[in-house]
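Colleague: Quick one: the structure is below, and I'll ask about it shortly.
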Amino acid sequence: QVQLVESGGGSVQAGGSLRLSCAASGLTFSIYAMGWFRQAPGKEREFVAAISRSDGSTYHADSVKGRFTISRDNARNTVYLQLNSLKPEDTAVYSCAAQRGPMVRSYWVSAARYDYWGQGTQVTVSS
């Protein structure tokens, strides 16, 4: 049974930082590309960042580029999302996801391409 479990969310003031973790089990982690998405109340789910299976290639949405950083530790079956310089508009539920699709950007940014999802962790940024 595949499980993706996020942690590290919380409430911070604008300008603060958080580090989200997503621990995977029940799958061969190293063969999955991993992504982070977020969904704010009343809004559609939005791509945040993705990282390739093995060579460490990453892609970040323009809205978070330079502030958020995705990384992974295949030995720990964990993917991370470092959130810096947080803004109130970053408030959302952040979810990690795994996919075995081709290593192309169009697959990484599409939620429909992901095979497994976590339950999400809440990030709240106050002004």
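Chain lettering (A, B, ...) mirrors the order of the structure tokens, residue numbering begins at 1 for each chain separately, and ligand numbering begins at 1 in order of display.
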If you run DSSP on the backbone, which residues of chain A are alpha helix (DSSP H), as a short mmCIF file (atom, residue, chain, number, x, y, z; two decimals) with C-alpha atoms, in the first residue's frame?

Modeller:
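Output file part-v7.cif is given in full below:
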data_model
loop_
_atom_site.label_atom_id
_atom_site.label_comp_id
_atom_site.auth_asym_id
_atom_site.auth_seq_id
_atom_site.Cartn_x
_atom_site.Cartn_y
_atom_site.Cartn_z
CA ARG A 105 7.70 19.51 -17.89
CA SER A 106 4.17 19.12 -19.22
CA TYR A 107 3.81 15.97 -17.13
CA TRP A 108 5.29 17.50 -14.02
#

Colleague: Within 8 Å of Arg72 of chain A, counting only C-alpha atoms, which residues show up once you throw out same-chain ones fewer than 6 positions away? Write them as a PyMOL selection string, please.

Modeller: chain A and resi 51+56+78-80

Colleague: Could you save those same residues with N, CA, C and O atoms as a PDB file, in the first residue's frame?

Modeller:
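Okay, out-v7.pdb is ready:
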ATOM      1  N   ILE A  51      10.469  17.490  -8.934  1.00  0.00           N
ATOM      2  CA  ILE A  51      11.872  17.063  -8.988  1.00  0.00           C
ATOM      3  C   ILE A  51      11.938  15.706  -9.674  1.00  0.00           C
ATOM      4  O   ILE A  51      11.071  14.852  -9.486  1.00  0.00           O
ATOM      5  N   GLY A  56      18.120  14.917 -10.111  1.00  0.00           N
ATOM      6  CA  GLY A  56      17.958  16.133  -9.322  1.00  0.00           C
ATOM      7  C   GLY A  56      17.414  17.324 -10.073  1.00  0.00           C
ATOM      8  O   GLY A  56      17.335  18.427  -9.514  1.00  0.00           O
ATOM      9  N   THR A  78      12.151  10.456   0.983  1.00  0.00           N
ATOM     10  CA  THR A  78      11.515  11.702   1.403  1.00  0.00           C
ATOM     11  C   THR A  78      11.784  12.810   0.402  1.00  0.00           C
ATOM     12  O   THR A  78      12.892  12.931  -0.124  1.00  0.00           O
ATOM     13  N   VAL A  79      10.770  13.603   0.152  1.00  0.00           N
ATOM     14  CA  VAL A  79      10.905  14.813  -0.651  1.00  0.00           C
ATOM     15  C   VAL A  79      10.580  16.003   0.250  1.00  0.00           C
ATOM     16  O   VAL A  79       9.735  15.901   1.143  1.00  0.00           O
ATOM     17  N   TYR A  80      11.280  17.097   0.020  1.00  0.00           N
ATOM     18  CA  TYR A  80      11.157  18.281   0.864  1.00  0.00           C
ATOM     19  C   TYR A  80      10.722  19.483   0.022  1.00  0.00           C
ATOM     20  O   TYR A  80      10.970  19.539  -1.182  1.00  0.00           O
TER      21      TYR A  80
END

Colleague: Based on the backbone DSSP call, show me all residues of segment 25-94 of chain A assigned strand (DSSP E), as number ranges by chain.

Modeller: A: 25, 33-39, 46-51, 58-60, 68-73, 78-83, 92-94

Colleague: Please produce a file of those selected residues containing N, CA and C atoms, as a compact mmCIF listing (two decimals), in the first residue's frame.

Modeller:
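Result went into again.txt, see below:
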# COMPACT_ATOMS: atom_id res chain seq x y z
N SER A 25 6.16 5.57 1.37
CA SER A 25 6.33 4.15 1.68
C SER A 25 5.46 3.33 0.74
N ALA A 33 9.14 10.46 -10.09
CA ALA A 33 9.28 11.91 -9.99
C ALA A 33 8.29 12.37 -8.92
N MET A 34 8.67 13.42 -8.18
CA MET A 34 7.84 13.90 -7.09
C MET A 34 7.45 15.36 -7.32
N GLY A 35 6.25 15.68 -6.91
CA GLY A 35 5.79 17.05 -7.06
C GLY A 35 5.10 17.56 -5.81
N TRP A 36 5.03 18.87 -5.70
CA TRP A 36 4.25 19.54 -4.66
C TRP A 36 3.19 20.40 -5.35
N PHE A 37 1.99 20.33 -4.83
CA PHE A 37 0.89 21.16 -5.29
C PHE A 37 0.28 21.85 -4.08
N ARG A 38 -0.50 22.89 -4.32
CA ARG A 38 -1.19 23.55 -3.22
C ARG A 38 -2.59 23.94 -3.65
N GLN A 39 -3.46 24.03 -2.67
CA GLN A 39 -4.83 24.46 -2.95
C GLN A 39 -5.31 25.36 -1.83
N GLU A 46 -2.98 24.06 -7.54
CA GLU A 46 -1.93 24.77 -8.29
C GLU A 46 -0.61 24.04 -8.15
N PHE A 47 0.08 23.87 -9.27
CA PHE A 47 1.41 23.28 -9.25
C PHE A 47 2.38 24.22 -8.55
N VAL A 48 3.27 23.64 -7.72
CA VAL A 48 4.27 24.43 -7.02
C VAL A 48 5.68 24.08 -7.49
N ALA A 49 6.03 22.79 -7.44
CA ALA A 49 7.40 22.39 -7.80
C ALA A 49 7.44 20.90 -8.05
N ALA A 50 8.45 20.48 -8.81
CA ALA A 50 8.65 19.05 -9.08
C ALA A 50 10.14 18.76 -9.18
N ILE A 51 10.47 17.49 -8.93
CA ILE A 51 11.87 17.06 -8.99
C ILE A 51 11.94 15.71 -9.67
N THR A 58 14.98 20.04 -11.31
CA THR A 58 13.81 20.60 -10.64
C THR A 58 13.12 21.62 -11.53
N TYR A 59 11.88 21.87 -11.20
CA TYR A 59 11.11 22.91 -11.88
C TYR A 59 10.18 23.54 -10.85
N HIS A 60 10.20 24.86 -10.78
CA HIS A 60 9.37 25.59 -9.83
C HIS A 60 8.43 26.53 -10.57
N PHE A 68 10.88 29.23 -2.94
CA PHE A 68 10.68 27.84 -2.54
C PHE A 68 11.71 26.97 -3.25
N THR A 69 12.12 25.87 -2.59
CA THR A 69 13.07 24.94 -3.18
C THR A 69 12.66 23.51 -2.88
N ILE A 70 12.53 22.73 -3.93
CA ILE A 70 12.22 21.31 -3.78
C ILE A 70 13.52 20.51 -3.78
N SER A 71 13.56 19.46 -2.97
CA SER A 71 14.71 18.56 -2.94
C SER A 71 14.23 17.18 -2.52
N ARG A 72 15.09 16.20 -2.67
CA ARG A 72 14.71 14.85 -2.28
C ARG A 72 15.91 14.10 -1.73
N ASP A 73 15.61 13.11 -0.89
CA ASP A 73 16.62 12.23 -0.33
C ASP A 73 16.13 10.81 -0.59
N THR A 78 12.15 10.46 0.98
CA THR A 78 11.51 11.70 1.40
C THR A 78 11.78 12.81 0.40
N VAL A 79 10.77 13.60 0.15
CA VAL A 79 10.91 14.81 -0.65
C VAL A 79 10.58 16.00 0.25
N TYR A 80 11.28 17.10 0.02
CA TYR A 80 11.16 18.28 0.86
C TYR A 80 10.72 19.48 0.02
N LEU A 81 10.13 20.44 0.70
CA LEU A 81 9.86 21.73 0.08
C LEU A 81 10.21 22.80 1.11
N GLN A 82 11.28 23.53 0.82
CA GLN A 82 11.69 24.65 1.68
C GLN A 82 10.94 25.89 1.23
N LEU A 83 10.24 26.51 2.15
CA LEU A 83 9.45 27.69 1.86
C LEU A 83 10.07 28.88 2.59
N ALA A 92 -2.32 27.86 2.00
CA ALA A 92 -2.96 26.78 1.26
C ALA A 92 -2.67 25.45 1.95
N VAL A 93 -3.35 24.43 1.49
CA VAL A 93 -2.99 23.06 1.84
C VAL A 93 -1.99 22.57 0.80
N TYR A 94 -0.83 22.13 1.27
CA TYR A 94 0.24 21.68 0.39
C TYR A 94 0.27 20.15 0.38

Colleague: Near segment 65-67 of chain A, within 8 Å and counting only C-alpha atoms, which residues show up once chain neighbours fewer than 6 positions away are dropped, as an NGL selection string?

Modeller: :A and (83-86)

Colleague: Please write the residues from the selection above to a file, keeping C-alpha atoms, as a JSON list (two decimals), in the first residue's frame.

Modeller:
[["chain", "number", "residue", "atom", "x", "y", "z"],
["A", 83, "LEU", "CA", 9.45, 27.69, 1.86],
["A", 84, "ASN", "CA", 11.18, 31.03, 2.42],
["A", 85, "SER", "CA", 9.97, 34.63, 2.29],
["A", 86, "LEU", "CA", 6.41, 33.44, 2.77]]
